[in-house]
file target-v5.tsv (TSV, N, CA and C atoms)
chain	number	residue	atom	x	y	z
A	1	ALA	N	41.19	96.26	48.59
A	1	ALA	CA	42.16	95.18	48.70
A	1	ALA	C	43.11	95.46	49.86
A	2	ILE	N	43.50	96.71	50.03
A	2	ILE	CA	44.42	97.06	51.12
A	2	ILE	C	43.75	96.83	52.46
A	3	LEU	N	42.49	97.30	52.58
A	3	LEU	CA	41.77	97.12	53.84
A	3	LEU	C	41.58	95.65	54.16
A	4	ALA	N	41.28	94.85	53.15
A	4	ALA	CA	41.08	93.42	53.37
A	4	ALA	C	42.37	92.78	53.86
A	5	ALA	N	43.51	93.15	53.30
A	5	ALA	CA	44.80	92.61	53.72
A	5	ALA	C	45.12	93.03	55.15
A	6	GLN	N	44.78	94.29	55.48
A	6	GLN	CA	45.03	94.77	56.84
A	6	GLN	C	44.15	94.02	57.84
A	7	ARG	N	42.93	93.69	57.46
A	7	ARG	CA	42.01	92.96	58.35
A	7	ARG	C	42.52	91.54	58.62
A	8	ARG	N	43.14	90.97	57.59
A	8	ARG	CA	43.68	89.61	57.75
A	8	ARG	C	44.96	89.62	58.58
A	9	GLY	N	45.50	90.81	58.86
A	9	GLY	CA	46.69	90.90	59.68
A	9	GLY	C	47.97	90.84	58.87
A	10	GLU	N	47.88	90.92	57.58
A	10	GLU	CA	49.07	90.89	56.74
A	10	GLU	C	49.79	92.23	56.80
A	11	ASP	N	51.10	92.18	56.55
A	11	ASP	CA	51.87	93.41	56.51
A	11	ASP	C	51.58	94.13	55.19
A	12	VAL	N	51.18	95.38	55.31
A	12	VAL	CA	50.87	96.18	54.11
A	12	VAL	C	51.74	97.44	54.16
A	13	GLU	N	52.45	97.67	53.07
A	13	GLU	CA	53.28	98.86	53.01
A	13	GLU	C	52.53	99.94	52.22
A	14	THR	N	52.28	101.07	52.85
A	14	THR	CA	51.61	102.17	52.18
A	14	THR	C	52.48	103.41	52.26
A	15	SER	N	52.37	104.25	51.28
A	15	SER	CA	53.09	105.53	51.31
A	15	SER	C	52.13	106.63	50.90
A	16	LYS	N	52.18	107.72	51.61
A	16	LYS	CA	51.27	108.83	51.34
A	16	LYS	C	51.88	109.72	50.26
A	17	LYS	N	51.09	110.02	49.29
A	17	LYS	CA	51.54	110.92	48.23
A	17	LYS	C	51.53	112.35	48.76
A	18	TRP	N	52.47	113.15	48.30
A	18	TRP	CA	52.56	114.54	48.75
A	18	TRP	C	51.35	115.31	48.27
A	19	ALA	N	50.65	115.98	49.16
A	19	ALA	CA	49.48	116.81	48.85
A	19	ALA	C	48.38	116.02	48.15
A	20	ALA	N	48.28	114.76	48.46
A	20	ALA	CA	47.25	113.93	47.82
A	20	ALA	C	45.87	114.36	48.29
A	21	GLY	N	44.96	114.48	47.37
A	21	GLY	CA	43.59	114.84	47.70
A	21	GLY	C	43.40	116.31	48.00
A	22	GLN	N	44.44	117.08	47.79
A	22	GLN	CA	44.33	118.51	48.02
A	22	GLN	C	44.52	119.24	46.70
A	23	ASN	N	44.10	120.46	46.66
A	23	ASN	CA	44.20	121.23	45.42
A	23	ASN	C	45.49	122.05	45.43
A	24	LYS	N	46.61	121.40	45.66
A	24	LYS	CA	47.90	122.08	45.66
A	24	LYS	C	48.68	121.60	44.46
A	25	GLN	N	48.73	122.43	43.45
A	25	GLN	CA	49.46	122.04	42.26
A	25	GLN	C	50.88	122.57	42.26
A	26	HIS	N	51.10	123.67	42.96
A	26	HIS	CA	52.41	124.28	42.96
A	26	HIS	C	52.81	124.60	44.40
A	27	SER	N	54.08	124.51	44.66
A	27	SER	CA	54.53	124.87	46.00
A	27	SER	C	54.65	126.39	46.09
A	28	ILE	N	54.53	126.89	47.29
A	28	ILE	CA	54.63	128.34	47.51
A	28	ILE	C	56.10	128.72	47.50
A	29	THR	N	56.42	129.72	46.75
A	29	THR	CA	57.82	130.14	46.66
A	29	THR	C	58.07	131.33	47.57
A	30	LYS	N	59.32	131.69	47.72
A	30	LYS	CA	59.69	132.83	48.55
A	30	LYS	C	59.22	134.14	47.95
A	31	ASN	N	59.00	134.17	46.65
A	31	ASN	CA	58.63	135.41	45.97
A	31	ASN	C	57.16	135.77	46.14
A	32	THR	N	56.37	134.90	46.74
A	32	THR	CA	54.94	135.16	46.89
A	32	THR	C	54.69	136.42	47.72
A	33	ALA	N	55.40	136.57	48.83
A	33	ALA	CA	55.21	137.76	49.67
A	33	ALA	C	55.62	139.02	48.92
A	34	LYS	N	56.69	138.93	48.17
A	34	LYS	CA	57.16	140.08	47.38
A	34	LYS	C	56.11	140.46	46.33
A	35	LEU	N	55.55	139.46	45.68
A	35	LEU	CA	54.52	139.70	44.66
A	35	LEU	C	53.29	140.32	45.29
A	36	ASP	N	52.89	139.85	46.47
A	36	ASP	CA	51.73	140.42	47.17
A	36	ASP	C	51.96	141.89	47.49
A	37	ARG	N	53.15	142.23	47.96
A	37	ARG	CA	53.44	143.63	48.28
A	37	ARG	C	53.36	144.50	47.03
A	38	GLU	N	53.86	143.99	45.92
A	38	GLU	CA	53.85	144.78	44.68
A	38	GLU	C	52.43	145.00	44.17
A	39	THR	N	51.61	143.97	44.20
A	39	THR	CA	50.27	144.09	43.65
A	39	THR	C	49.36	144.93	44.54
A	40	GLU	N	49.62	144.97	45.84
A	40	GLU	CA	48.79	145.77	46.73
A	40	GLU	C	49.01	147.26	46.52
A	41	GLU	N	50.17	147.63	46.01
A	41	GLU	CA	50.47	149.05	45.83
A	41	GLU	C	49.83	149.61	44.57
A	42	LEU	N	49.45	148.76	43.65
A	42	LEU	CA	48.84	149.21	42.41
A	42	LEU	C	47.35	149.43	42.60
A	43	HIS	N	46.85	150.58	42.16
A	43	HIS	CA	45.43	150.85	42.22
A	43	HIS	C	45.06	151.84	41.13
A	44	HIS	N	43.79	151.83	40.74
A	44	HIS	CA	43.30	152.73	39.71
A	44	HIS	C	42.78	154.01	40.34
A	45	ASP	N	42.91	155.10	39.61
A	45	ASP	CA	42.34	156.35	40.08
A	45	ASP	C	40.82	156.24	40.07
A	46	ARG	N	40.20	156.86	41.03
A	46	ARG	CA	38.74	156.84	41.13
A	46	ARG	C	38.20	158.25	40.86
A	47	VAL	N	36.92	158.31	40.60
A	47	VAL	CA	36.25	159.59	40.41
A	47	VAL	C	36.23	160.31	41.75
A	48	THR	N	36.47	161.63	41.74
A	48	THR	CA	36.46	162.37	43.00
A	48	THR	C	35.03	162.56	43.50
A	49	LEU	N	34.91	162.83	44.78
A	49	LEU	CA	33.58	163.06	45.36
A	49	LEU	C	32.95	164.34	44.80
A	50	GLU	N	33.77	165.31	44.41
A	50	GLU	CA	33.23	166.54	43.80
A	50	GLU	C	32.47	166.20	42.53
A	51	VAL	N	33.05	165.34	41.70
A	51	VAL	CA	32.38	164.93	40.46
A	51	VAL	C	31.09	164.21	40.79
A	52	GLY	N	31.12	163.36	41.80
A	52	GLY	CA	29.91	162.64	42.22
A	52	GLY	C	28.81	163.59	42.66
A	53	LYS	N	29.20	164.64	43.39
A	53	LYS	CA	28.20	165.62	43.85
A	53	LYS	C	27.62	166.40	42.68
A	54	VAL	N	28.48	166.75	41.71
A	54	VAL	CA	27.99	167.48	40.53
A	54	VAL	C	26.99	166.63	39.77
A	55	ILE	N	27.30	165.35	39.61
A	55	ILE	CA	26.38	164.44	38.91
A	55	ILE	C	25.07	164.34	39.68
A	56	GLN	N	25.18	164.16	40.99
A	56	GLN	CA	23.98	164.01	41.82
A	56	GLN	C	23.12	165.27	41.77
A	57	GLN	N	23.73	166.45	41.91
A	57	GLN	CA	22.97	167.70	41.88
A	57	GLN	C	22.32	167.93	40.52
A	58	GLY	N	23.08	167.65	39.46
A	58	GLY	CA	22.53	167.81	38.11
A	58	GLY	C	21.37	166.87	37.86
A	59	ARG	N	21.52	165.64	38.33
A	59	ARG	CA	20.46	164.64	38.15
A	59	ARG	C	19.21	165.04	38.93
A	60	GLN	N	19.39	165.51	40.17
A	60	GLN	CA	18.25	165.89	41.00
A	60	GLN	C	17.58	167.15	40.47
A	61	SER	N	18.38	168.07	39.90
A	61	SER	CA	17.77	169.29	39.35
A	61	SER	C	16.89	168.97	38.15
A	62	LYS	N	17.19	167.89	37.46
A	62	LYS	CA	16.36	167.45	36.33
A	62	LYS	C	15.20	166.58	36.79
A	63	GLY	N	15.19	166.23	38.09
A	63	GLY	CA	14.13	165.37	38.62
A	63	GLY	C	14.28	163.92	38.21
A	64	LEU	N	15.52	163.49	37.98
A	64	LEU	CA	15.77	162.11	37.56
A	64	LEU	C	16.27	161.27	38.73
A	65	THR	N	15.88	160.00	38.73
A	65	THR	CA	16.47	159.05	39.69
A	65	THR	C	17.74	158.50	39.05
A	66	GLN	N	18.50	157.76	39.84
A	66	GLN	CA	19.70	157.13	39.28
A	66	GLN	C	19.32	156.18	38.15
A	67	LYS	N	18.22	155.48	38.34
A	67	LYS	CA	17.77	154.52	37.32
A	67	LYS	C	17.35	155.26	36.04
A	68	ASP	N	16.65	156.40	36.19
A	68	ASP	CA	16.22	157.18	35.02
A	68	ASP	C	17.43	157.67	34.23
A	69	LEU	N	18.42	158.21	34.94
A	69	LEU	CA	19.62	158.71	34.28
A	69	LEU	C	20.37	157.57	33.59
A	70	ALA	N	20.46	156.44	34.26
A	70	ALA	CA	21.14	155.28	33.67
A	70	ALA	C	20.44	154.83	32.39
A	71	THR	N	19.13	154.79	32.42
A	71	THR	CA	18.36	154.40	31.23
A	71	THR	C	18.57	155.39	30.10
A	72	LYS	N	18.62	156.67	30.45
A	72	LYS	CA	18.78	157.73	29.46
A	72	LYS	C	20.13	157.64	28.73
A	73	ILE	N	21.18	157.21	29.44
A	73	ILE	CA	22.51	157.13	28.82
A	73	ILE	C	22.90	155.69	28.47
A	74	ASN	N	21.95	154.76	28.56
A	74	ASN	CA	22.18	153.35	28.22
A	74	ASN	C	23.28	152.71	29.06
A	75	GLU	N	23.24	152.95	30.34
A	75	GLU	CA	24.16	152.30	31.29
A	75	GLU	C	23.34	151.66	32.39
A	76	LYS	N	23.99	150.87	33.22
A	76	LYS	CA	23.31	150.24	34.35
A	76	LYS	C	23.18	151.23	35.50
A	77	PRO	N	22.14	151.13	36.31
A	77	PRO	CA	21.99	152.03	37.46
A	77	PRO	C	23.18	151.97	38.42
A	78	GLN	N	23.82	150.80	38.52
A	78	GLN	CA	24.98	150.67	39.40
A	78	GLN	C	26.12	151.59	38.96
A	79	VAL	N	26.23	151.84	37.65
A	79	VAL	CA	27.27	152.72	37.13
A	79	VAL	C	27.07	154.14	37.68
A	80	ILE	N	25.84	154.61	37.65
A	80	ILE	CA	25.53	155.95	38.17
A	80	ILE	C	25.82	155.99	39.67
A	81	ALA	N	25.41	154.95	40.39
A	81	ALA	CA	25.64	154.89	41.84
A	81	ALA	C	27.14	154.93	42.14
A	82	ASP	N	27.93	154.21	41.35
A	82	ASP	CA	29.38	154.18	41.55
A	82	ASP	C	30.01	155.55	41.29
A	83	TYR	N	29.56	156.23	40.24
A	83	TYR	CA	30.09	157.56	39.93
A	83	TYR	C	29.74	158.56	41.03
A	84	GLU	N	28.51	158.50	41.52
A	84	GLU	CA	28.08	159.45	42.55
A	84	GLU	C	28.77	159.19	43.89
A	85	SER	N	29.12	157.95	44.17
A	85	SER	CA	29.75	157.63	45.45
A	85	SER	C	31.27	157.70	45.39
A	86	GLY	N	31.82	157.90	44.18
A	86	GLY	CA	33.27	158.01	44.04
A	86	GLY	C	33.98	156.68	43.94
A	87	ARG	N	33.25	155.60	43.65
A	87	ARG	CA	33.88	154.28	43.52
A	87	ARG	C	34.25	153.95	42.09
A	88	ALA	N	33.76	154.71	41.12
A	88	ALA	CA	33.95	154.37	39.71
A	88	ALA	C	35.33	154.79	39.22
A	89	ILE	N	35.85	154.00	38.28
A	89	ILE	CA	37.07	154.38	37.57
A	89	ILE	C	36.62	155.25	36.41
A	90	PRO	N	37.19	156.47	36.27
A	90	PRO	CA	36.68	157.41	35.26
A	90	PRO	C	36.75	156.85	33.84
A	91	ASN	N	35.65	157.00	33.12
A	91	ASN	CA	35.57	156.62	31.72
A	91	ASN	C	35.01	157.83	30.99
A	92	ASN	N	35.82	158.43	30.10
A	92	ASN	CA	35.39	159.66	29.45
A	92	ASN	C	34.14	159.50	28.60
A	93	GLN	N	33.91	158.31	28.06
A	93	GLN	CA	32.68	158.09	27.29
A	93	GLN	C	31.46	158.20	28.18
A	94	VAL	N	31.52	157.52	29.33
A	94	VAL	CA	30.38	157.55	30.26
A	94	VAL	C	30.20	158.96	30.80
A	95	LEU	N	31.31	159.61	31.17
A	95	LEU	CA	31.21	160.98	31.70
A	95	LEU	C	30.62	161.93	30.66
A	96	GLY	N	30.99	161.76	29.39
A	96	GLY	CA	30.43	162.59	28.33
A	96	GLY	C	28.93	162.39	28.19
A	97	LYS	N	28.49	161.14	28.28
A	97	LYS	CA	27.04	160.86	28.20
A	97	LYS	C	26.30	161.48	29.37
A	98	ILE	N	26.91	161.41	30.57
A	98	ILE	CA	26.28	161.99	31.75
A	98	ILE	C	26.20	163.51	31.60
A	99	GLU	N	27.29	164.14	31.09
A	99	GLU	CA	27.30	165.59	30.88
A	99	GLU	C	26.15	166.02	29.98
A	100	ARG	N	25.98	165.29	28.88
A	100	ARG	CA	24.90	165.65	27.94
A	100	ARG	C	23.52	165.42	28.55
A	101	ALA	N	23.38	164.35	29.32
A	101	ALA	CA	22.07	164.01	29.89
A	101	ALA	C	21.62	165.02	30.95
A	102	ILE	N	22.57	165.53	31.75
A	102	ILE	CA	22.18	166.47	32.81
A	102	ILE	C	22.52	167.91	32.46
A	103	ASP	N	22.90	168.16	31.21
A	103	ASP	CA	23.20	169.49	30.69
A	103	ASP	C	24.29	170.21	31.47
A	104	VAL	N	25.37	169.52	31.74
A	104	VAL	CA	26.53	170.17	32.34
A	104	VAL	C	27.42	170.59	31.18
A	105	ARG	N	27.64	171.88	31.05
A	105	ARG	CA	28.46	172.40	29.95
A	105	ARG	C	29.74	173.00	30.51
A	106	PRO	N	30.83	172.91	29.79
A	106	PRO	CA	32.05	173.58	30.25
A	106	PRO	C	31.79	175.07	30.39
A	107	GLY	N	32.09	175.62	31.54
A	107	GLY	CA	31.85	177.03	31.77
A	107	GLY	C	30.67	177.27	32.69
A	108	THR	N	29.67	176.36	32.69
A	108	THR	CA	28.52	176.55	33.56
A	108	THR	C	28.70	175.83	34.88
A	109	ALA	N	29.46	174.74	34.87
A	109	ALA	CA	29.71	173.95	36.07
A	109	ALA	C	31.04	173.23	35.87
A	110	PRO	N	31.57	172.67	36.92
A	110	PRO	CA	32.82	171.91	36.76
A	110	PRO	C	32.67	170.81	35.71
A	111	VAL	N	33.63	170.70	34.85
A	111	VAL	CA	33.59	169.68	33.81
A	111	VAL	C	33.88	168.34	34.45
A	112	LEU	N	33.12	167.32	34.05
A	112	LEU	CA	33.21	166.02	34.68
A	112	LEU	C	34.39	165.20	34.16
A	113	ARG	N	34.85	165.45	32.98
A	113	ARG	CA	35.83	164.57	32.35
A	113	ARG	C	37.16	164.53	33.09
A	114	ALA	N	37.76	163.36	33.02
A	114	ALA	CA	39.06	163.16	33.66
A	114	ALA	C	40.15	163.86	32.85
A	115	PRO	N	41.18	164.33	33.50
A	115	PRO	CA	42.26	165.03	32.78
A	115	PRO	C	43.03	164.11	31.87
call {"tool": "encode", "arguments": {"input": "target-v5.tsv", "output": "structure tokens"}}
result
Amino acid sequence: AILAAQRRGEDVETSKKWAAGQNKQHSITKNTAKLDRETEELHHDRVTLEVGKVIQQGRQSKGLTQKDLATKINEKPQVIADYESGRAIPNNQVLGKIERAIDVRPGTAPVLRAP
């Protein structure tokens, strides 16, 4: 109807809605930068590379692949890869299962568990 009126040469008053057709539900506040700075400083502790090497050496001494070890402890292969590369967040349950699977005992090798 608006286009038809404009074609006929009639005066049409239109007003654009603020952020119309965009996915902007809230305006950006001054605190956004402050919040970004705060959240960037927070991070989780990761498994050390020493622990990753112990897992890798123990797994290789048993002749297991990452997939074999993961299957043995009922975890995904990506979990083993993350622990060996130092990207994993330590989970004592998973570390305990890995210790039992590769026969790492306290006293024979560095203990894998997080303090």
call {"tool": "atom_distance", "arguments": {"input": "target-v5.tsv", "atom1": "atom CA of A:Glu99", "atom2": "atom CA of A:Leu69"}}
result
10.9 Å
call {"tool": "closest_residue", "arguments": {"input": "target-v5.tsv", "among": "A:Asn92, A:Ser85, A:Thr71, A:Thr14", "to": "A:Val54", "atoms": "only C-alpha atoms"}}
result
A:Ser85
call {"tool": "atom_distance", "arguments": {"input": "target-v5.tsv", "atom1": "atom C of A:Val47", "atom2": "atom CA of A:Ile80"}}
result
12.1 Å
call {"tool": "closest_residue", "arguments": {"input": "target-v5.tsv", "among": "A:Ile98, A:Ile73, A:Val104, A:Ala88", "to": "A:Leu49", "atoms": "only C-alpha atoms"}}
result
A:Ala88
call {"tool": "atom_distance", "arguments": {"input": "target-v5.tsv", "atom1": "atom CA of A:Tyr83", "atom2": "atom N of A:Gly52"}}
result
6.2 Å
call {"tool": "closest_residue", "arguments": {"input": "target-v5.tsv", "among": "A:Val94, A:Ala5, A:Ala81, A:Val51", "to": "A:Asp68", "atoms": "only C-alpha atoms"}}
result
A:Ala81
call {"tool": "select_by_dssp", "arguments": {"input": "target-v5.tsv", "residues": "stretch 61-92 of chain A", "states": "helix (DSSP H, G or I)", "output": "PyMOL selection string"}}
result
chain A and resi 61+66-72+77-85+92
call {"tool": "write_last_selection", "arguments": {"input": "target-v5.tsv", "atoms": "N, CA and C atoms", "output": "short mmCIF file (atom, residue, chain, number, x, y, z; two decimals), in the coordinates of the input"}}
result
data_model
loop_
_atom_site.label_atom_id
_atom_site.label_comp_id
_atom_site.auth_asym_id
_atom_site.auth_seq_id
_atom_site.Cartn_x
_atom_site.Cartn_y
_atom_site.Cartn_z
N SER A 61 18.38 168.07 39.90
CA SER A 61 17.77 169.29 39.35
C SER A 61 16.89 168.97 38.15
N GLN A 66 18.50 157.76 39.84
CA GLN A 66 19.70 157.13 39.28
C GLN A 66 19.32 156.18 38.15
N LYS A 67 18.22 155.48 38.34
CA LYS A 67 17.77 154.52 37.32
C LYS A 67 17.35 155.26 36.04
N ASP A 68 16.65 156.40 36.19
CA ASP A 68 16.22 157.18 35.02
C ASP A 68 17.43 157.67 34.23
N LEU A 69 18.42 158.21 34.94
CA LEU A 69 19.62 158.71 34.28
C LEU A 69 20.37 157.57 33.59
N ALA A 70 20.46 156.44 34.26
CA ALA A 70 21.14 155.28 33.67
C ALA A 70 20.44 154.83 32.39
N THR A 71 19.13 154.79 32.42
CA THR A 71 18.36 154.40 31.23
C THR A 71 18.57 155.39 30.10
N LYS A 72 18.62 156.67 30.45
CA LYS A 72 18.78 157.73 29.46
C LYS A 72 20.13 157.64 28.73
N PRO A 77 22.14 151.13 36.31
CA PRO A 77 21.99 152.03 37.46
C PRO A 77 23.18 151.97 38.42
N GLN A 78 23.82 150.80 38.52
CA GLN A 78 24.98 150.67 39.40
C GLN A 78 26.12 151.59 38.96
N VAL A 79 26.23 151.84 37.65
CA VAL A 79 27.27 152.72 37.13
C VAL A 79 27.07 154.14 37.68
N ILE A 80 25.84 154.61 37.65
CA ILE A 80 25.53 155.95 38.17
C ILE A 80 25.82 155.99 39.67
N ALA A 81 25.41 154.95 40.39
CA ALA A 81 25.64 154.89 41.84
C ALA A 81 27.14 154.93 42.14
N ASP A 82 27.93 154.21 41.35
CA ASP A 82 29.38 154.18 41.55
C ASP A 82 30.01 155.55 41.29
N TYR A 83 29.56 156.23 40.24
CA TYR A 83 30.09 157.56 39.93
C TYR A 83 29.74 158.56 41.03
N GLU A 84 28.51 158.50 41.52
CA GLU A 84 28.08 159.45 42.55
C GLU A 84 28.77 159.19 43.89
N SER A 85 29.12 157.95 44.17
CA SER A 85 29.75 157.63 45.45
C SER A 85 31.27 157.70 45.39
N ASN A 92 35.82 158.43 30.10
CA ASN A 92 35.39 159.66 29.45
C ASN A 92 34.14 159.50 28.60
#
call {"tool": "closest_residue", "arguments": {"input": "target-v5.tsv", "among": "A:Gln66, A:Gln57, A:Asn74, A:Asn91", "to": "A:Asp103", "atoms": "only C-alpha atoms"}}
result
A:Gln57
call {"tool": "closest_residue", "arguments": {"input": "target-v5.tsv", "among": "A:Glu84, A:Ile102, A:Lys97, A:Arg7", "to": "A:Gln56", "atoms": "all atoms listed in the file"}}
result
A:Glu84
call {"tool": "decode", "arguments": {"input": "target-v5.tsv", "residues": "stretch 61-85 of chain A", "atoms": "N, CA, C and O atoms", "output": "short mmCIF file (atom, residue, chain, number, x, y, z; two decimals), in the first residue's frame"}}
result
data_model
loop_
_atom_site.label_atom_id
_atom_site.label_comp_id
_atom_site.auth_asym_id
_atom_site.auth_seq_id
_atom_site.Cartn_x
_atom_site.Cartn_y
_atom_site.Cartn_z
N SER A 61 54.16 -48.23 26.41
CA SER A 61 54.83 -49.41 26.98
C SER A 61 53.89 -50.61 27.03
O SER A 61 54.33 -51.75 26.97
N LYS A 62 52.60 -50.35 27.12
CA LYS A 62 51.60 -51.43 27.09
C LYS A 62 51.22 -51.81 25.67
O LYS A 62 50.45 -52.74 25.46
N GLY A 63 51.71 -51.03 24.69
CA GLY A 63 51.38 -51.31 23.28
C GLY A 63 49.96 -50.90 22.93
O GLY A 63 49.35 -51.48 22.04
N LEU A 64 49.43 -49.89 23.62
CA LEU A 64 48.07 -49.43 23.36
C LEU A 64 48.07 -48.15 22.53
O LEU A 64 48.95 -47.31 22.69
N THR A 65 47.06 -48.03 21.67
CA THR A 65 46.85 -46.75 20.98
C THR A 65 45.99 -45.89 21.88
O THR A 65 45.44 -46.36 22.89
N GLN A 66 45.84 -44.63 21.50
CA GLN A 66 44.95 -43.75 22.28
C GLN A 66 43.53 -44.31 22.28
O GLN A 66 42.85 -44.27 23.31
N LYS A 67 43.12 -44.84 21.14
CA LYS A 67 41.76 -45.38 21.03
C LYS A 67 41.61 -46.61 21.93
O LYS A 67 40.58 -46.78 22.60
N ASP A 68 42.63 -47.49 21.97
CA ASP A 68 42.58 -48.69 22.81
C ASP A 68 42.47 -48.30 24.28
O ASP A 68 41.67 -48.88 25.03
N LEU A 69 43.28 -47.34 24.71
CA LEU A 69 43.25 -46.91 26.11
C LEU A 69 41.90 -46.28 26.44
O LEU A 69 41.33 -46.55 27.49
N ALA A 70 41.38 -45.47 25.53
CA ALA A 70 40.07 -44.84 25.75
C ALA A 70 38.98 -45.89 25.89
O ALA A 70 38.13 -45.80 26.79
N THR A 71 39.01 -46.90 25.05
CA THR A 71 38.02 -47.97 25.12
C THR A 71 38.14 -48.73 26.44
O THR A 71 37.13 -49.07 27.07
N LYS A 72 39.37 -48.95 26.87
CA LYS A 72 39.63 -49.69 28.11
C LYS A 72 39.07 -48.97 29.34
O LYS A 72 38.62 -49.61 30.29
N ILE A 73 39.11 -47.63 29.33
CA ILE A 73 38.63 -46.87 30.49
C ILE A 73 37.25 -46.24 30.25
O ILE A 73 36.79 -45.42 31.04
N ASN A 74 36.59 -46.63 29.17
CA ASN A 74 35.25 -46.14 28.83
C ASN A 74 35.19 -44.62 28.67
O ASN A 74 34.30 -43.96 29.20
N GLU A 75 36.15 -44.08 27.96
CA GLU A 75 36.16 -42.66 27.63
C GLU A 75 36.34 -42.52 26.12
O GLU A 75 36.63 -43.49 25.43
N LYS A 76 36.17 -41.31 25.62
CA LYS A 76 36.35 -41.06 24.19
C LYS A 76 37.84 -40.91 23.88
O LYS A 76 38.60 -40.42 24.72
N PRO A 77 38.28 -41.28 22.69
CA PRO A 77 39.69 -41.13 22.32
C PRO A 77 40.17 -39.67 22.43
O PRO A 77 41.32 -39.43 22.74
N GLN A 78 39.27 -38.73 22.19
CA GLN A 78 39.65 -37.31 22.29
C GLN A 78 40.08 -36.95 23.71
O GLN A 78 40.94 -36.10 23.90
N VAL A 79 39.50 -37.62 24.72
CA VAL A 79 39.86 -37.37 26.11
C VAL A 79 41.33 -37.73 26.33
O VAL A 79 42.09 -36.95 26.94
N ILE A 80 41.74 -38.88 25.83
CA ILE A 80 43.14 -39.31 25.97
C ILE A 80 44.05 -38.33 25.23
O ILE A 80 45.09 -37.92 25.75
N ALA A 81 43.66 -37.93 24.02
CA ALA A 81 44.46 -37.00 23.24
C ALA A 81 44.62 -35.67 23.99
O ALA A 81 45.70 -35.08 24.03
N ASP A 82 43.54 -35.20 24.61
CA ASP A 82 43.59 -33.94 25.36
C ASP A 82 44.51 -34.06 26.58
O ASP A 82 45.27 -33.13 26.88
N TYR A 83 44.45 -35.18 27.29
CA TYR A 83 45.32 -35.37 28.45
C TYR A 83 46.79 -35.43 28.04
O TYR A 83 47.64 -34.85 28.68
N GLU A 84 47.07 -36.13 26.95
CA GLU A 84 48.46 -36.27 26.51
C GLU A 84 49.03 -34.95 25.98
O GLU A 84 50.22 -34.70 26.11
N SER A 85 48.18 -34.11 25.41
CA SER A 85 48.67 -32.85 24.85
C SER A 85 48.63 -31.70 25.85
O SER A 85 49.10 -30.61 25.55
#
